[in-house]
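Working notes for the structure below.
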Amino acid sequence: MKPSCRWPLHPSPAEGESLSSWLSRTAHCYGLSVQDLLVHDLGWPADTDLDVSPPPSLQAMIAERSGVGLDRVRIMSLTGWQPWLLDRVNPLAPDPAAFAVYARQFAILLPARRRPPCSPPLWQAWMPLTGGLPRACPCCLQDSGEPPLMLVWQLPLMLSCPRHGCLLKTYPNHPPHKPPWEEPDYDTPELADDGVKSMDARTWQALTAGSVNL
C-alpha cells in the first residue's frame, strides 16, 4: 500500500523543539515509536540522526508529510543553526579556523598570552565532544500530556529552563528517541538562581528572536 502523502494527525512543533521530540509526539498519535515512523512510513533507518544533521531529503519528506514549512523543519536540528551559531556540525571535517574565530577574534576576552598555540583537534563551537547532552527540565517532563523537548537542551548553552526557571538535569541512561513522558520518576526540580535565569533568558531570546534586549 502506498503511504499517504500527508499525515492526518500531527501536533504543532513547539518553539525551540528538537526534531526527534516532535517526531516522537507525532508517532505517539498513531501508537508508534519514532523508530517505527522512520522505518515504516518514511523509509529511513531507525538510528537516523535527527537532531544534529538529518539528511536534506528526509527533512523535505517530513515537511511534505506534515505540511510544516521546510524552514521550520530545518531549525529543529542543529544543521538549521548553520552558519549563524554553528560553523558546521560534522566533527569529522572540522574547520581549522573555527577555534580562532570563536576564541581569538576578541583580544580583550582572551589575551595573546593566554591563547593556546594551536586549535584543539575536532573542536566545534558549542558542540560536546561526545555528542548531545541528554538533559531535560524536570518540570517539563512532569507536565501532563506529551511535553516537547528543546533542541538547545543538548548543547552547553543554557543551565535552566526558560519556561520554569529550574535547572536542567542530565539523564545519561535515557534511551535515544524514547518519549521521556513514559518514564515514571525524575529528579525533583531545583530552581536556578536569579543570575542564571537572567543570562539564560537572554540566551533564549537571542536564539528565538535573533537579538537581545539589554
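Just remember, in the C-alpha cells the first chain shown is A, the second B, etc., residues are 1-based per chain, and ligands are 1-based in the order shown.
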**Prompt:** Excluding same-chain residues fewer than 4 positions from Ser160 of chain A, what lies within 12 Å of it counting only C-alpha atoms, as a VMD selection string?
**Reply:** chain A and resid 135 to 140 150 152 to 153 155 to 156 164 to 170 189 to 204
**Asked** Hey, what's within 10 Å of Asp71 of chain A if we count only C-alpha atoms and toss same-chain stuff fewer than 3 positions away? As an MDAnalysis selection string, please?
**Response** chainID A and resid 59:60 63 68 74:76 80
**Prompt:** Any idea what's packed within 6 Å of segment 8-25 of chain A, counting only C-alpha atoms, ignoring anything in its chain fewer than 6 positions away? Could you give it as a PyMOL selection string?
**Reply:** chain A and resi 34+50-51+76-77+148-151
**Prompt:** How far is it from atom CA of Thr79 of chain A to atom CA of Gln205 of chain A, in Å with one decimal?
**Reply:** 19.5 Å
